[in-house]
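**Q** Mind looking over this structure? Questions follow.
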There are 4 protein chains.
Amino acid sequence: MTEQYRILIQCNDEKGLVYKVSSIFYHRNLNILSNNEFVDKTHNKFFMRSVVSGEADMEALKNELIAVLPVDVHLDVIAPRKKRIVLMATKESHALGDILIRYEAGELDAVIVGVVSNYDTLEALVSKFDIPFYTVSHEGLDREAHEQKVLECLSSLGEIDYMVLAKYMRILTPHFVDAYEDKIINIHHSFLPAFIGANPYKQAYERGVKIIGATAHFVNNNLDEGPIIAQNVIHIDHAYGWEDMQRSGRDVEKIVLSRALKLALEDRIFVHANRTVIF
Amino acid sequence: MTEQYRILIQCNDEKGLVYKVSSIFYHRNLNILSNNEFVDKTHNKFFMRSVVSGEADMEALKNELIAVLPVDVHLDVIAPRKKRIVLMATKESHALGDILIRYEAGELDAVIVGVVSNYDTLEALVSKFDIPFYTVSHEGLDREAHEQKVLECLSSLGEIDYMVLAKYMRILTPHFVDAYEDKIINIHHSFLPAFIGANPYKQAYERGVKIIGATAHFVNNNLDEGPIIAQNVIHIDHAYGWEDMQRSGRDVEKIVLSRALKLALEDRIFVHANRTVIF
Amino acid sequence: MTEQYRILIQCNDEKGLVYKVSSIFYHRNLNILSNNEFVDKTHNKFFMRSVVSGEADMEALKNELIAVLPVDVHLDVIAPRKKRIVLMATKESHALGDILIRYEAGELDAVIVGVVSNYDTLEALVSKFDIPFYTVSHEGLDREAHEQKVLECLSSLGEIDYMVLAKYMRILTPHFVDAYEDKIINIHHSFLPAFIGANPYKQAYERGVKIIGATAHFVNNNLDEGPIIAQNVIHIDHAYGWEDMQRSGRDVEKIVLSRALKLALEDRIFVHANRTVIF
Amino acid sequence: MTEQYRILIQCNDEKGLVYKVSSIFYHRNLNILSNNEFVDKTHNKFFMRSVVSGEADMEALKNELIAVLPVDVHLDVIAPRKKRIVLMATKESHALGDILIRYEAGELDAVIVGVVSNYDTLEALVSKFDIPFYTVSHEGLDREAHEQKVLECLSSLGEIDYMVLAKYMRILTPHFVDAYEDKIINIHHSFLPAFIGANPYKQAYERGVKIIGATAHFVNNNLDEGPIIAQNVIHIDHAYGWEDMQRSGRDVEKIVLSRALKLALEDRIFVHANRTVIF
């Protein structure tokens, strides 16, 4: 039976990579459905994402590819399946709600295994969609103790491919972030790297900007400085107070976050040198 | 000495094309600098643009590629050189001026061999840039007779790679268009296919649109219906009269036209089934 | 007790209108919180929207304004209240879902009195939000008979301020439209007036456009030609098939429709000569 | 004979301002052609720009307005005339060239009294347009000494309404800036406040952003932190090196700068608390 596979390659650039890879596909009778390559000349890195159809012994294919590719290669051969994701939120519903509606419509190639929040504000909304909701209150706990409880909650949910911070308003510790490297997608309510830190809309109002935006990025241990996945903006004018900016900004936030999630679920994102390559 | 070549391939899709092409590059010791492929599944067409460096016998390379590619193939092997272009205009200077300023800055990989107009309005501007200006008045002439004179003027300018209609306000006959198939780039002052025909801004005003745009496209024999190369838009509101739209629209027109020209000069545009594939 | 009022004025333009209106506000001790005026010079029409605070005898204020304004005036003095709206949909959930999430978050100054659909597909989704869902199937009925049943359903819902067609895929008859003039807001899945009619995304694909969009407009008796309220676009490229356009287009559709609805709920839209003036 | 006047009012907000101002217009028989008001509630400031036609004793009108307006008022009564502007540039021609082409087309309501540069690179271009070009080299001079020479050059050019820094790559001292408060318009090649300082495109590349932009702002004594007039952006992807960003960014820079200049020439910009109000 014909299957589809996604092959993701990231390695040092050298002559003949496309030839060597496509040669293996050809001789294994795999048909290329789509193919993207990019060479980052600054860092001398080669990136390739192929979608092929055919009948593959995935392990053998992987080994054959590794044999011809540079030793530093990161290689994935993926038979697409529903990814398992966890959503984290606090009190605002727009980004979370946008994902829930898409989920209900079958638009996401994923299973939402649960929503975790430090408040129970959104429990009523999430429960409508028959998704488990876990309130892990931070009250009376220091950051580490709270995170420990969140981590316990998460580990009870089984394997997780991506964690989506849908306006989760708590800062994560390095300990937490390290446990989920390049797996936590956050939406920052500004056009990064402008307005890093608290209340970006208030900062934007005071600076008198004419455009506001949102940034979806992977979380790393430098707050608001992880690899950027997607950004978008809207034009505003002097008549917007900061709450107006916030209200209008929510539309950008939710669309940008959902787009980043979709890219992740389709295995389209490579990360190198704190930058993303997206096919 | 190491040269760069652009290889453009357009043919029916079949298994192994990437392998066959990259194999030839590899065995001829050509290094792939960038590579783009796309399969149009609706029309079963394969498109590929590679930039390679190395030492190539272009004729031999071409023959070897043709030998392995489907018989319907359109193949180009190009050693980049300054393209020869002609600009055509009428009275408005914004689109023409934008190209002239870029040309003066050395931004265009092209030689402007002349500007042809049916009025002498822009002669003073063009002459500042030491570019020949040819007024071919249409007064007293029917369309065919006027075009005949334009064609004579053009043929006196030698080989032409692209003709750029920078707000040339005359309709071209099929005879003229056929002589320069996929070589005439026009800027249409609307977001095609909306507002085909005369005075699109007036039409847009009357329709009460909230966004206006511009479209750069190749000219074919269906007026305003040639393959689209680039489009962009700006937001407007009820306070814009049609002349305000026109004024604001000019900024979009000139940027879109210059972008389309740049894509053409870099051999990035394929045309098939009245659509463009752009790498 | 201090209340807020919205005063909407639309009349022939003449000298002194701002003076006369602001004079009445001043002498009635009403404070102007915001004020917008526009003169449509093409049609010689004056539009004004003021938000004032104070204590007003609304009937007396209205009479005093009418006494100084031209005889053709359309005047509204509105003490803001939750508008009563009905949503109509067919099978797609994105536009409807976006409104439901906003509604749940208390973002809409409205009461959704019901959702009417010609299929029961979205009943499960709507029911999650405790909003009455009415399936009025069109099967076996001609257009008039089906609409008659829809009208009966609607009239059972009481007074309605706005009807929102959130991807309702049925064409309305003049009889229906006349009953709700300038009260039916539709989202059209193209950048009107491009791609009027059936399957705009397929049309857009075939035309090879580089930008797609969505248009929210009031419905009138010329299909897809009612007054435009809001439009937006996204950039696409040759790699988008028409289903990809549709998928990406949904994000634009829902945001544009929700924005139009918000403008309507805040009494910011004037209609004249098939165009909108929006403050 | 009927003239047009622009009346600009900026003062503390209080009840009755619109009434008092429009009353004066009415009794002086001045017809309001357009009218914009805005109240900045954060700072309790009222802004109003009216364009009126009629026959006015400007001095008397001004006095009458001052008599009814709060004591902190900034009031301008302007009979539109061509503003006198100076352009400053260094080596890049795109922003300067865009202004020159508009100037040649009669699009700017201004007289360019000269172009000042610290290099002679752009002299050939500027001379084509019969505009005086002044090279004031900074070589061998410290910042103060160089600026002193620039100031001498500027003062030889007579009264100046606006100075436009069209990619002038020198930092101005407080002494210079104070001499031209809210009269110097700069284009910053980033989406401020992101990437303040040197080589914003390189910074943007390293941060891996997906959108780049440009900001036109008045210059004040905090480098890159003056009141923002206009901003715009373009989408980019991982394939853009920083020089590609720079090349693409130039299109945004020039359009944004020209738009800011147009707004200034039409007296549409108010400045308060480091923010602009733009009608």
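For the structure tokens, the naming scheme is as follows: chains receive sequential letters (A, B, ...) according to their order of presentation, residues are indexed from 1 within each chain, and ligands are indexed from 1 in presentation order.
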Which parts of segment 8-227 of chain C does DSSP call alpha helix (DSSP H) when run on the backbone here, written out as a VMD selection string?

**A** chain C and resid 17 to 27 58 to 68 94 to 104 123 to 128 143 to 155 174 to 179 200 to 207

**Q** Could you pull out the strand (DSSP E or B) residues of segment 32-61 of chain D from DSSP and send them as a VMD selection string?

**A** chain D and resid 32 to 40 45 to 54

**Q** Write out the coordinates of chain A as a short mmCIF file (atom, residue, chain, number, x, y, z; two decimals) with C-alpha atoms, in the first residue's frame after a least-squares overlay onto chain C built on all ordered Cα pairs.

**A**
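Writing done, so here's part_13.cif:
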```cif
data_model
loop_
_atom_site.label_atom_id
_atom_site.label_comp_id
_atom_site.auth_asym_id
_atom_site.auth_seq_id
_atom_site.Cartn_x
_atom_site.Cartn_y
_atom_site.Cartn_z
CA MET A 1 -27.23 59.90 36.33
CA THR A 2 -24.81 60.38 33.46
CA GLU A 3 -25.56 58.34 30.34
CA GLN A 4 -23.89 58.04 26.97
CA TYR A 5 -25.71 58.60 23.72
CA ARG A 6 -24.75 58.07 20.11
CA ILE A 7 -26.12 60.69 17.73
CA LEU A 8 -26.05 59.74 14.05
CA ILE A 9 -26.78 62.37 11.42
CA GLN A 10 -26.92 61.95 7.67
CA CYS A 11 -28.26 64.82 5.54
CA ASN A 12 -27.56 67.19 2.68
CA ASP A 13 -24.48 69.28 3.34
CA GLU A 14 -24.89 72.96 4.07
CA LYS A 15 -23.00 75.61 5.94
CA GLY A 16 -23.22 75.66 9.72
CA LEU A 17 -24.18 72.06 10.46
CA VAL A 18 -21.37 71.43 12.92
CA TYR A 19 -22.10 74.72 14.62
CA LYS A 20 -25.82 74.05 14.89
CA VAL A 21 -25.41 70.54 16.24
CA SER A 22 -22.61 71.35 18.67
CA SER A 23 -24.56 74.37 19.85
CA ILE A 24 -27.47 72.14 20.85
CA PHE A 25 -25.11 69.75 22.66
CA TYR A 26 -23.48 72.68 24.45
CA HIS A 27 -26.67 74.31 25.61
CA ARG A 28 -28.10 71.00 26.76
CA ASN A 29 -24.95 70.50 28.80
CA LEU A 30 -23.91 67.39 26.89
CA ASN A 31 -20.20 66.63 26.76
CA ILE A 32 -18.78 65.42 23.42
CA LEU A 33 -16.70 62.28 24.04
CA SER A 34 -15.94 61.70 20.38
CA ASN A 35 -17.01 63.34 17.20
CA ASN A 36 -16.62 62.43 13.56
CA GLU A 37 -17.77 64.29 10.50
CA PHE A 38 -17.41 63.67 6.81
CA VAL A 39 -18.71 65.42 3.73
CA ASP A 40 -19.19 63.33 0.61
CA LYS A 41 -18.62 66.04 -1.96
CA THR A 42 -19.68 63.85 -4.87
CA HIS A 43 -23.15 63.44 -3.44
CA ASN A 44 -23.17 66.60 -1.26
CA LYS A 45 -23.96 64.58 1.84
CA PHE A 46 -22.96 65.32 5.42
CA PHE A 47 -22.34 62.52 7.92
CA MET A 48 -21.77 62.98 11.64
CA ARG A 49 -21.45 60.58 14.55
CA SER A 50 -21.14 62.02 18.03
CA VAL A 51 -20.87 60.23 21.32
CA VAL A 52 -22.00 62.52 24.13
CA SER A 53 -22.42 62.07 27.85
CA GLY A 54 -24.84 63.84 30.13
CA GLU A 55 -28.47 63.72 31.01
CA ALA A 56 -30.70 63.91 27.96
CA ASP A 57 -34.38 63.89 27.23
CA MET A 58 -33.81 61.87 24.07
CA GLU A 59 -37.09 62.80 22.44
CA ALA A 60 -36.58 66.51 23.07
CA LEU A 61 -32.99 66.34 21.85
CA LYS A 62 -34.09 64.60 18.70
CA ASN A 63 -36.77 67.18 18.01
CA GLU A 64 -34.41 70.07 18.58
CA LEU A 65 -31.87 68.57 16.19
CA ILE A 66 -34.47 67.91 13.52
CA ALA A 67 -35.60 71.53 13.77
CA VAL A 68 -32.18 72.84 12.66
CA LEU A 69 -31.14 70.11 10.21
CA PRO A 70 -32.08 69.83 6.50
CA VAL A 71 -35.39 68.17 5.78
CA ASP A 72 -33.80 65.08 4.22
CA VAL A 73 -32.04 64.21 7.48
CA HIS A 74 -31.73 60.67 8.81
CA LEU A 75 -31.25 61.11 12.54
CA ASP A 76 -30.71 58.54 15.27
CA VAL A 77 -30.28 59.20 18.96
CA ILE A 78 -29.26 55.93 20.55
CA ALA A 79 -28.82 54.98 24.16
CA PRO A 80 -26.46 52.02 23.70
CA ARG A 81 -27.95 48.66 24.50
CA LYS A 82 -27.14 45.10 23.59
CA LYS A 83 -28.25 44.58 20.00
CA ARG A 84 -30.25 41.45 19.17
CA ILE A 85 -28.64 39.43 16.39
CA VAL A 86 -29.31 36.24 14.49
CA LEU A 87 -26.55 34.20 12.86
CA MET A 88 -27.16 32.17 9.72
CA ALA A 89 -24.78 29.46 8.57
CA THR A 90 -24.65 26.32 6.48
CA LYS A 91 -21.84 23.81 7.13
CA GLU A 92 -18.57 25.69 7.61
CA SER A 93 -17.78 26.57 11.20
CA HIS A 94 -14.89 29.06 11.04
CA ALA A 95 -16.84 32.34 10.76
CA LEU A 96 -19.59 31.19 13.08
CA GLY A 97 -17.07 29.80 15.57
CA ASP A 98 -15.14 33.04 15.64
CA ILE A 99 -18.29 34.93 16.61
CA LEU A 100 -19.21 32.33 19.22
CA ILE A 101 -15.81 32.55 20.93
CA ARG A 102 -16.01 36.34 21.02
CA TYR A 103 -19.55 36.11 22.34
CA GLU A 104 -18.52 33.73 25.10
CA ALA A 105 -15.71 36.14 26.04
CA GLY A 106 -18.20 38.99 26.36
CA GLU A 107 -16.54 40.84 23.51
CA LEU A 108 -19.75 41.50 21.55
CA ASP A 109 -22.25 44.08 22.72
CA ALA A 110 -25.07 41.83 21.56
CA VAL A 111 -27.40 38.97 22.36
CA ILE A 112 -27.35 36.11 19.88
CA VAL A 113 -31.02 35.12 19.84
CA GLY A 114 -30.42 32.12 17.62
CA VAL A 115 -28.54 30.42 14.82
CA VAL A 116 -30.48 29.39 11.74
CA SER A 117 -29.11 26.90 9.23
CA ASN A 118 -30.32 24.87 6.29
CA TYR A 119 -28.35 21.88 7.68
CA ASP A 120 -27.94 20.52 11.19
CA THR A 121 -24.17 20.15 10.76
CA LEU A 122 -23.32 22.95 13.18
CA GLU A 123 -25.92 22.19 15.79
CA ALA A 124 -23.48 20.37 18.05
CA LEU A 125 -21.08 23.32 18.01
CA VAL A 126 -23.74 25.96 18.62
CA SER A 127 -25.38 23.99 21.40
CA LYS A 128 -22.12 24.04 23.36
CA PHE A 129 -22.70 27.76 23.76
CA ASP A 130 -26.32 27.43 24.92
CA ILE A 131 -27.65 29.28 21.91
CA PRO A 132 -30.84 28.04 20.22
CA PHE A 133 -30.16 26.35 16.89
CA TYR A 134 -32.85 26.11 14.22
CA THR A 135 -32.50 23.76 11.29
CA VAL A 136 -34.69 24.90 8.40
CA SER A 137 -33.94 22.38 5.70
CA HIS A 138 -34.30 23.46 2.09
CA GLU A 139 -34.68 19.90 0.86
CA GLY A 140 -37.72 19.36 -1.29
CA LEU A 141 -38.59 23.05 -1.17
CA ASP A 142 -38.22 25.73 -3.81
CA ARG A 143 -36.39 28.92 -2.86
CA GLU A 144 -39.54 30.84 -1.95
CA ALA A 145 -41.03 28.08 0.14
CA HIS A 146 -37.75 27.60 2.02
CA GLU A 147 -37.38 31.30 2.68
CA GLN A 148 -40.94 31.47 3.91
CA LYS A 149 -40.05 28.91 6.55
CA VAL A 150 -36.88 30.80 7.46
CA LEU A 151 -38.85 34.03 7.79
CA GLU A 152 -41.32 32.32 10.07
CA CYS A 153 -38.49 31.03 12.18
CA LEU A 154 -36.94 34.50 12.34
CA SER A 155 -40.18 36.22 13.27
CA SER A 156 -40.58 33.81 16.17
CA LEU A 157 -37.29 35.19 17.54
CA GLY A 158 -38.63 38.70 18.16
CA GLU A 159 -37.02 42.00 17.15
CA ILE A 160 -33.73 41.60 15.29
CA ASP A 161 -31.14 44.38 14.86
CA TYR A 162 -28.71 42.52 12.60
CA MET A 163 -28.61 39.25 10.76
CA VAL A 164 -25.13 37.85 10.16
CA LEU A 165 -24.59 35.45 7.28
CA ALA A 166 -21.62 33.50 8.59
CA LYS A 167 -21.05 31.49 5.41
CA TYR A 168 -24.72 30.95 4.73
CA MET A 169 -24.52 29.43 1.27
CA ARG A 170 -28.03 30.20 0.01
CA ILE A 171 -28.98 33.14 -2.18
CA LEU A 172 -31.65 35.37 -0.67
CA THR A 173 -34.64 36.61 -2.66
CA PRO A 174 -35.51 40.31 -2.99
CA HIS A 175 -38.53 39.64 -0.79
CA PHE A 176 -36.29 38.49 2.04
CA VAL A 177 -33.67 41.21 1.54
CA ASP A 178 -36.28 43.97 1.50
CA ALA A 179 -37.53 42.83 4.86
CA TYR A 180 -34.11 43.47 6.40
CA GLU A 181 -32.61 46.37 4.46
CA ASP A 182 -29.09 47.33 5.63
CA LYS A 183 -29.45 44.80 8.44
CA ILE A 184 -28.01 41.70 6.78
CA ILE A 185 -24.22 41.43 6.93
CA ASN A 186 -22.63 38.88 4.63
CA ILE A 187 -19.07 37.64 4.26
CA HIS A 188 -18.08 37.03 0.65
CA HIS A 189 -15.08 34.79 0.18
CA SER A 190 -13.32 37.00 -2.31
CA PHE A 191 -11.99 40.45 -2.70
CA LEU A 192 -15.13 41.98 -4.25
CA PRO A 193 -15.84 42.90 -6.96
CA ALA A 194 -13.41 40.26 -8.20
CA PHE A 195 -14.79 36.74 -8.50
CA ILE A 196 -18.45 37.40 -8.10
CA GLY A 197 -20.56 34.25 -8.07
CA ALA A 198 -19.88 30.62 -7.38
CA ASN A 199 -16.62 29.23 -5.95
CA PRO A 200 -14.49 32.38 -5.93
CA TYR A 201 -11.41 30.43 -4.82
CA LYS A 202 -11.57 28.21 -7.87
CA GLN A 203 -11.94 31.28 -10.04
CA ALA A 204 -9.01 32.90 -8.25
CA TYR A 205 -6.85 29.83 -8.73
CA GLU A 206 -7.58 29.73 -12.42
CA ARG A 207 -6.85 33.42 -12.82
CA GLY A 208 -3.52 32.90 -11.07
CA VAL A 209 -3.84 35.77 -8.59
CA LYS A 210 -1.13 36.46 -6.01
CA ILE A 211 -3.48 37.87 -3.38
CA ILE A 212 -6.83 36.62 -2.13
CA GLY A 213 -9.26 38.39 0.15
CA ALA A 214 -12.62 38.57 1.79
CA THR A 215 -15.34 41.20 1.83
CA ALA A 216 -18.00 41.91 4.45
CA HIS A 217 -20.95 43.80 3.03
CA PHE A 218 -24.58 44.56 3.55
CA VAL A 219 -26.81 42.44 1.37
CA ASN A 220 -28.96 44.14 -1.19
CA ASN A 221 -30.83 42.88 -4.19
CA ASN A 222 -27.86 42.77 -6.50
CA LEU A 223 -26.03 39.64 -5.51
CA ASP A 224 -22.53 40.39 -4.16
CA GLU A 225 -23.01 44.08 -4.90
CA GLY A 226 -24.19 45.54 -1.62
CA PRO A 227 -22.34 48.29 0.29
CA ILE A 228 -18.88 47.13 1.39
CA ILE A 229 -18.11 47.37 5.11
CA ALA A 230 -14.67 45.79 5.44
CA GLN A 231 -12.12 43.96 3.31
CA ASN A 232 -8.80 42.32 3.88
CA VAL A 233 -6.35 40.19 1.95
CA ILE A 234 -3.48 37.73 2.25
CA HIS A 235 -0.63 37.05 -0.11
CA ILE A 236 -0.43 33.66 -1.74
CA ASP A 237 1.83 32.11 -4.37
CA HIS A 238 1.76 29.55 -7.17
CA ALA A 239 2.00 26.67 -4.71
CA TYR A 240 -1.56 27.25 -3.46
CA GLY A 241 -4.19 25.04 -5.01
CA TRP A 242 -7.73 26.32 -4.69
CA GLU A 243 -8.38 24.27 -1.56
CA ASP A 244 -5.26 25.81 0.01
CA MET A 245 -6.60 29.23 -0.89
CA GLN A 246 -9.89 28.31 0.72
CA ARG A 247 -8.20 27.09 3.88
CA SER A 248 -6.04 30.21 4.19
CA GLY A 249 -8.88 32.43 3.10
CA ARG A 250 -11.00 31.32 6.03
CA ASP A 251 -8.77 33.21 8.44
CA VAL A 252 -9.38 36.40 6.51
CA GLU A 253 -13.09 35.75 6.17
CA LYS A 254 -13.71 35.30 9.84
CA ILE A 255 -11.68 38.31 10.97
CA VAL A 256 -13.30 40.57 8.37
CA LEU A 257 -16.82 39.41 9.24
CA SER A 258 -16.25 39.87 12.97
CA ARG A 259 -14.85 43.34 12.35
CA ALA A 260 -17.88 44.32 10.29
CA LEU A 261 -20.18 43.01 13.00
CA LYS A 262 -18.34 45.01 15.65
CA LEU A 263 -18.66 48.20 13.57
CA ALA A 264 -22.38 47.58 13.18
CA LEU A 265 -22.91 46.92 16.89
CA GLU A 266 -21.18 50.20 17.69
CA ASP A 267 -23.39 52.12 15.23
CA ARG A 268 -20.39 53.24 13.21
CA ILE A 269 -21.66 52.53 9.69
CA PHE A 270 -23.59 54.90 7.43
CA VAL A 271 -24.84 53.79 4.02
CA HIS A 272 -25.35 56.09 1.06
CA ALA A 273 -25.26 55.53 -2.69
CA ASN A 274 -24.19 51.91 -2.19
CA ARG A 275 -21.10 53.03 -0.26
CA THR A 276 -20.40 53.03 3.45
CA VAL A 277 -19.02 55.83 5.60
CA ILE A 278 -17.41 54.31 8.67
CA PHE A 279 -16.32 56.24 11.76
#
```
